[in-house]
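Text of the file query29.cif, holding mmCIF, C-alpha atoms:
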data_upload
loop_
_atom_site.group_PDB
_atom_site.id
_atom_site.type_symbol
_atom_site.label_atom_id
_atom_site.label_comp_id
_atom_site.auth_asym_id
_atom_site.auth_seq_id
_atom_site.Cartn_x
_atom_site.Cartn_y
_atom_site.Cartn_z
ATOM 1 C CA MET A 1 113.981 32.368 177.476
ATOM 2 C CA ALA A 2 112.398 35.440 179.097
ATOM 3 C CA GLY A 3 110.032 37.993 177.616
ATOM 4 C CA TYR A 4 111.162 41.577 177.158
ATOM 5 C CA MET A 5 110.012 44.977 175.943
ATOM 6 C CA LEU A 6 111.969 47.445 173.837
ATOM 7 C CA SER A 7 111.241 51.155 173.707
ATOM 8 C CA PRO A 8 111.062 52.996 170.383
ATOM 9 C CA PHE A 9 114.480 53.017 168.666
ATOM 10 C CA GLN A 10 115.856 50.556 171.253
ATOM 11 C CA GLY A 11 117.792 47.520 170.021
ATOM 12 C CA ALA A 12 121.152 46.834 168.407
ATOM 13 C CA ALA A 13 121.402 49.211 165.441
ATOM 14 C CA TYR A 14 123.418 48.846 162.237
ATOM 15 C CA ASP A 15 124.131 50.670 159.008
ATOM 16 C CA PHE A 16 123.650 47.896 156.480
ATOM 17 C CA ASP A 17 124.211 48.678 152.793
ATOM 18 C CA GLY A 18 122.971 52.254 153.287
ATOM 19 C CA SER A 19 119.929 51.383 155.365
ATOM 20 C CA GLU A 20 119.432 51.617 159.104
ATOM 21 C CA VAL A 21 118.471 48.394 160.866
ATOM 22 C CA VAL A 22 117.355 48.082 164.489
ATOM 23 C CA MET A 23 117.141 44.520 165.798
ATOM 24 C CA LYS A 24 113.978 43.998 167.801
ATOM 25 C CA ALA A 25 114.289 40.195 168.130
ATOM 26 C CA SER A 26 117.201 38.183 166.777
ATOM 27 C CA GLY A 27 117.508 34.483 166.222
ATOM 28 C CA GLN A 28 119.309 34.327 169.567
ATOM 29 C CA ASP A 29 116.135 35.692 171.201
ATOM 30 C CA THR A 30 113.781 33.270 169.433
ATOM 31 C CA GLY A 31 115.688 30.000 169.300
ATOM 32 C CA GLY A 32 116.473 30.628 165.626
ATOM 33 C CA GLN A 33 112.805 30.616 164.612
ATOM 34 C CA LEU A 34 112.468 34.217 163.450
ATOM 35 C CA ALA A 35 114.012 37.664 163.555
ATOM 36 C CA VAL A 36 112.211 41.002 163.733
ATOM 37 C CA MET A 37 113.922 44.157 162.491
ATOM 38 C CA GLU A 38 112.883 47.753 161.937
ATOM 39 C CA MET A 39 114.516 48.986 158.744
ATOM 40 C CA VAL A 40 114.726 52.505 157.307
ATOM 41 C CA PHE A 41 115.741 52.995 153.671
ATOM 42 C CA PRO A 42 116.563 56.473 152.261
ATOM 43 C CA PRO A 43 114.731 57.896 149.237
ATOM 44 C CA GLY A 44 116.028 56.344 145.995
ATOM 45 C CA HIS A 45 117.641 53.405 147.790
ATOM 46 C CA SER A 46 117.595 50.152 145.804
ATOM 47 C CA VAL A 47 117.923 46.646 147.145
ATOM 48 C CA TYR A 48 119.326 44.614 144.255
ATOM 49 C CA THR A 49 117.882 41.305 143.117
ATOM 50 C CA HIS A 50 118.764 38.699 145.719
ATOM 51 C CA VAL A 51 117.572 35.422 147.228
ATOM 52 C CA HIS A 52 117.306 34.248 150.830
ATOM 53 C CA ALA A 53 118.224 30.579 150.620
ATOM 54 C CA GLY A 54 116.013 28.706 153.080
ATOM 55 C CA GLU A 55 114.643 31.866 154.756
ATOM 56 C CA ASP A 56 111.218 33.474 154.301
ATOM 57 C CA GLU A 57 110.969 37.273 154.526
ATOM 58 C CA MET A 58 107.933 39.402 155.180
ATOM 59 C CA PHE A 59 107.429 43.044 155.938
ATOM 60 C CA LEU A 60 104.816 45.610 156.815
ATOM 61 C CA LEU A 61 105.547 49.000 155.267
ATOM 62 C CA LEU A 62 105.052 51.747 157.859
ATOM 63 C CA ALA A 63 106.135 54.808 155.850
ATOM 64 C CA GLY A 64 107.319 55.734 152.355
ATOM 65 C CA GLU A 65 106.666 53.918 149.085
ATOM 66 C CA LEU A 66 108.427 51.091 147.257
ATOM 67 C CA ALA A 67 108.460 49.621 143.773
ATOM 68 C CA ALA A 68 108.995 45.967 144.678
ATOM 69 C CA PHE A 69 109.198 42.634 142.908
ATOM 70 C CA CYS A 70 109.145 38.988 143.901
ATOM 71 C CA GLY A 71 109.693 36.466 141.134
ATOM 72 C CA HIS A 72 107.529 37.697 138.240
ATOM 73 C CA GLU A 73 105.209 39.794 140.451
ATOM 74 C CA ARG A 74 105.585 43.602 140.567
ATOM 75 C CA TRP A 75 103.990 45.810 143.216
ATOM 76 C CA THR A 76 103.688 49.403 144.362
ATOM 77 C CA VAL A 77 103.937 49.109 148.135
ATOM 78 C CA VAL A 78 102.457 51.904 150.285
ATOM 79 C CA PRO A 79 102.098 52.273 154.078
ATOM 80 C CA GLY A 80 99.959 49.507 155.501
ATOM 81 C CA CYS A 81 100.834 47.001 152.756
ATOM 82 C CA PHE A 82 102.152 43.614 153.821
ATOM 83 C CA VAL A 83 104.608 41.723 151.574
ATOM 84 C CA PHE A 84 105.519 38.046 151.853
ATOM 85 C CA VAL A 85 108.618 36.776 150.025
ATOM 86 C CA PRO A 86 108.993 32.986 150.091
ATOM 87 C CA ARG A 87 112.429 31.500 150.561
ATOM 88 C CA ASP A 88 114.533 30.904 147.454
ATOM 89 C CA VAL A 89 112.616 33.422 145.273
ATOM 90 C CA PRO A 90 114.507 36.378 143.683
ATOM 91 C CA HIS A 91 113.238 39.736 144.964
ATOM 92 C CA GLY A 92 114.201 43.374 145.546
ATOM 93 C CA PHE A 93 112.854 46.919 145.641
ATOM 94 C CA THR A 94 113.516 50.624 145.131
ATOM 95 C CA VAL A 95 112.295 53.402 147.414
ATOM 96 C CA THR A 96 110.167 55.626 145.168
ATOM 97 C CA SER A 97 108.987 58.150 147.777
ATOM 98 C CA GLN A 98 110.654 61.451 148.605
ATOM 99 C CA VAL A 99 110.717 60.370 152.262
ATOM 100 C CA PRO A 100 112.521 57.375 153.765
ATOM 101 C CA ALA A 101 110.733 54.040 153.672
ATOM 102 C CA ARG A 102 110.337 52.382 157.071
ATOM 103 C CA ALA A 103 109.330 48.751 157.484
ATOM 104 C CA LEU A 104 108.934 46.121 160.149
ATOM 105 C CA VAL A 105 110.719 43.082 158.677
ATOM 106 C CA VAL A 106 110.342 39.489 159.885
ATOM 107 C CA THR A 107 112.517 36.607 158.635
ATOM 108 C CA GLY A 108 112.682 32.969 159.522
ATOM 109 C CA PRO A 109 114.308 30.700 160.147
ATOM 110 C CA THR A 110 116.895 33.320 160.907
ATOM 111 C CA GLN A 111 119.839 34.145 158.693
ATOM 112 C CA LEU A 112 119.488 37.797 157.651
ATOM 113 C CA ASP A 113 119.826 39.090 161.212
ATOM 114 C CA GLN A 114 123.110 37.217 161.606
ATOM 115 C CA HIS A 115 124.386 38.557 158.269
ATOM 116 C CA ILE A 116 123.511 42.138 159.246
ATOM 117 C CA ALA A 117 125.182 41.795 162.665
ATOM 118 C CA ALA A 118 128.327 40.295 161.060
ATOM 119 C CA THR A 119 128.709 42.718 158.138
ATOM 120 C CA GLY A 120 126.821 45.889 159.125
ATOM 121 C CA ARG A 121 128.451 48.877 160.802
ATOM 122 C CA PRO A 122 127.209 49.206 164.398
ATOM 123 C CA LEU A 123 125.492 52.530 165.052
ATOM 124 C CA SER A 124 125.758 54.388 168.336
ATOM 125 C CA PRO A 125 122.652 54.365 170.500
ATOM 126 C CA SER A 126 120.573 57.537 170.139
#
Representation of the structure as structure tokens:
Amino acid sequence: MAGYMLSPFQGAAYDFDGSEVVMKASGQDTGGQLAVMEMVFPPGHSVYTHVHAGEDEMFLLLAGELAAFCGHERWTVVPGCFVFVPRDVPHGFTVTSQVPARALVVTGPTQLDQHIAATGRPLSPS
């Protein structure tokens, strides 16, 4: 396994359920340990209640604002906030800002990256 560097916006890109996902490190890059994705969600976008079976998810919000929940917890997430969602816990969010929400998302062990690559629509490189 060799190190690498990606420039801004570089990486396999997908339209996934109305959001844009750029893979920065997939499970193939990390031996299945984790995946790192940059995700952009349009204003008003909602991610329905769902569960990642056996996969933790965490993200750092870089732009926009979210109304998020994890189990019984409810949060207003603003730029700079970090959110950890343990595996097997129902969670979701809605973008509440007038601008897109952008987040650096890390999951592990990897499953979400594989799901996005299999079901998302590949986007052309910029």
message = Using only C-alpha atoms, which protein or nucleic acid residues come within 6 Å of segment 70-78 of chain A? Drop anything in the same chain fewer than 2 positions from it, and give the result as a ChimeraX atom specification.
response = /A:65-68,81,89-91
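When the PyMOL selection byres ((chain A and resi 24) around 7) is run on the displayed coordinates, the residues it returns are A:Gly11, A:Val22, A:Met23, A:Ala25, A:Ser26, A:Val36, A:Met37.
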For the selection just defined, write its residues with C-alpha atoms to a file, as a compact mmCIF listing (two decimals), keeping the file's coordinate frame.
# COMPACT_ATOMS: atom_id res chain seq x y z
CA GLY A 11 117.79 47.52 170.02
CA VAL A 22 117.36 48.08 164.49
CA MET A 23 117.14 44.52 165.80
CA ALA A 25 114.29 40.20 168.13
CA SER A 26 117.20 38.18 166.78
CA VAL A 36 112.21 41.00 163.73
CA MET A 37 113.92 44.16 162.49
inquiry  = From the options A:Val83, A:Leu123, A:Met1, A:Val47, which residue's atoms come nearest to Thr107 of chain A, counting all atoms listed in the file?
reply    =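 The shortest atom-to-atom distance to Thr107 of chain A comes from A:Val83.
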request  = Kindly extract all protein, DNA and RNA residues lying within 8 Å of the coordinates (116.9, 36.1, 160.7) given in the file, considering only C-alpha atoms, and supply them as a list in words.
outcome  = Ser26, Gly27, Gly32, Gln33, Leu34, Ala35, Val36, Glu55, Val106, Thr107, Gly108, Pro109, Thr110, Gln111, Leu112, Asp113 and Gln114 of chain A
Write the residues of the selection above to a file with C-alpha atoms, as a PDB file, keeping the file's coordinate frame.
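Once written, out16.pdb looks like this:
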ATOM      1  CA  SER A  26     117.201  38.183 166.777  1.00  0.00           C
ATOM      2  CA  GLY A  27     117.508  34.483 166.222  1.00  0.00           C
ATOM      3  CA  GLY A  32     116.473  30.628 165.626  1.00  0.00           C
ATOM      4  CA  GLN A  33     112.805  30.616 164.612  1.00  0.00           C
ATOM      5  CA  LEU A  34     112.468  34.217 163.450  1.00  0.00           C
ATOM      6  CA  ALA A  35     114.012  37.664 163.555  1.00  0.00           C
ATOM      7  CA  VAL A  36     112.211  41.002 163.733  1.00  0.00           C
ATOM      8  CA  GLU A  55     114.643  31.866 154.756  1.00  0.00           C
ATOM      9  CA  VAL A 106     110.342  39.489 159.885  1.00  0.00           C
ATOM     10  CA  THR A 107     112.517  36.607 158.635  1.00  0.00           C
ATOM     11  CA  GLY A 108     112.682  32.969 159.522  1.00  0.00           C
ATOM     12  CA  PRO A 109     114.308  30.700 160.147  1.00  0.00           C
ATOM     13  CA  THR A 110     116.895  33.320 160.907  1.00  0.00           C
ATOM     14  CA  GLN A 111     119.839  34.145 158.693  1.00  0.00           C
ATOM     15  CA  LEU A 112     119.488  37.797 157.651  1.00  0.00           C
ATOM     16  CA  ASP A 113     119.826  39.090 161.212  1.00  0.00           C
ATOM     17  CA  GLN A 114     123.110  37.217 161.606  1.00  0.00           C
TER      18      GLN A 114
END
query = In Å to one decimal, how far is atom CA of His52 of chain A from atom CA of Tyr4 of chain A?
reply =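 Spanning atom CA of Tyr4 of chain A to atom CA of His52 of chain A is a straight-line distance of 28.0 Å.
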message = Show me the residues around (116.6, 53.8, 159.2) - criterion: an atom at most 7 Å away, only C-alpha atoms counted - as number ranges by chain.
response = A: 19-21, 39-41, 102
Hits from the PyMOL selection byres ((chain A and resi 117-121) around 6), listed as an mmCIF file with C-alpha atoms, in the coordinates of the input:
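Saved file part.cif follows:
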data_model
loop_
_atom_site.group_PDB
_atom_site.id
_atom_site.type_symbol
_atom_site.label_atom_id
_atom_site.label_comp_id
_atom_site.auth_asym_id
_atom_site.auth_seq_id
_atom_site.Cartn_x
_atom_site.Cartn_y
_atom_site.Cartn_z
ATOM 1 C CA TYR A 14 123.418 48.846 162.237
ATOM 2 C CA ASP A 15 124.131 50.670 159.008
ATOM 3 C CA PHE A 16 123.650 47.896 156.480
ATOM 4 C CA GLN A 114 123.110 37.217 161.606
ATOM 5 C CA HIS A 115 124.386 38.557 158.269
ATOM 6 C CA ILE A 116 123.511 42.138 159.246
ATOM 7 C CA PRO A 122 127.209 49.206 164.398
#
inquiry  = Calculated over only C-alpha atoms, which of the candidates A:Gly64, A:Gly80, A:Pro86, A:Leu6 has the smallest distance to Pro43 of chain A?
reply    =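 Distance minimum relative to Pro43 of chain A lands on A:Gly64.
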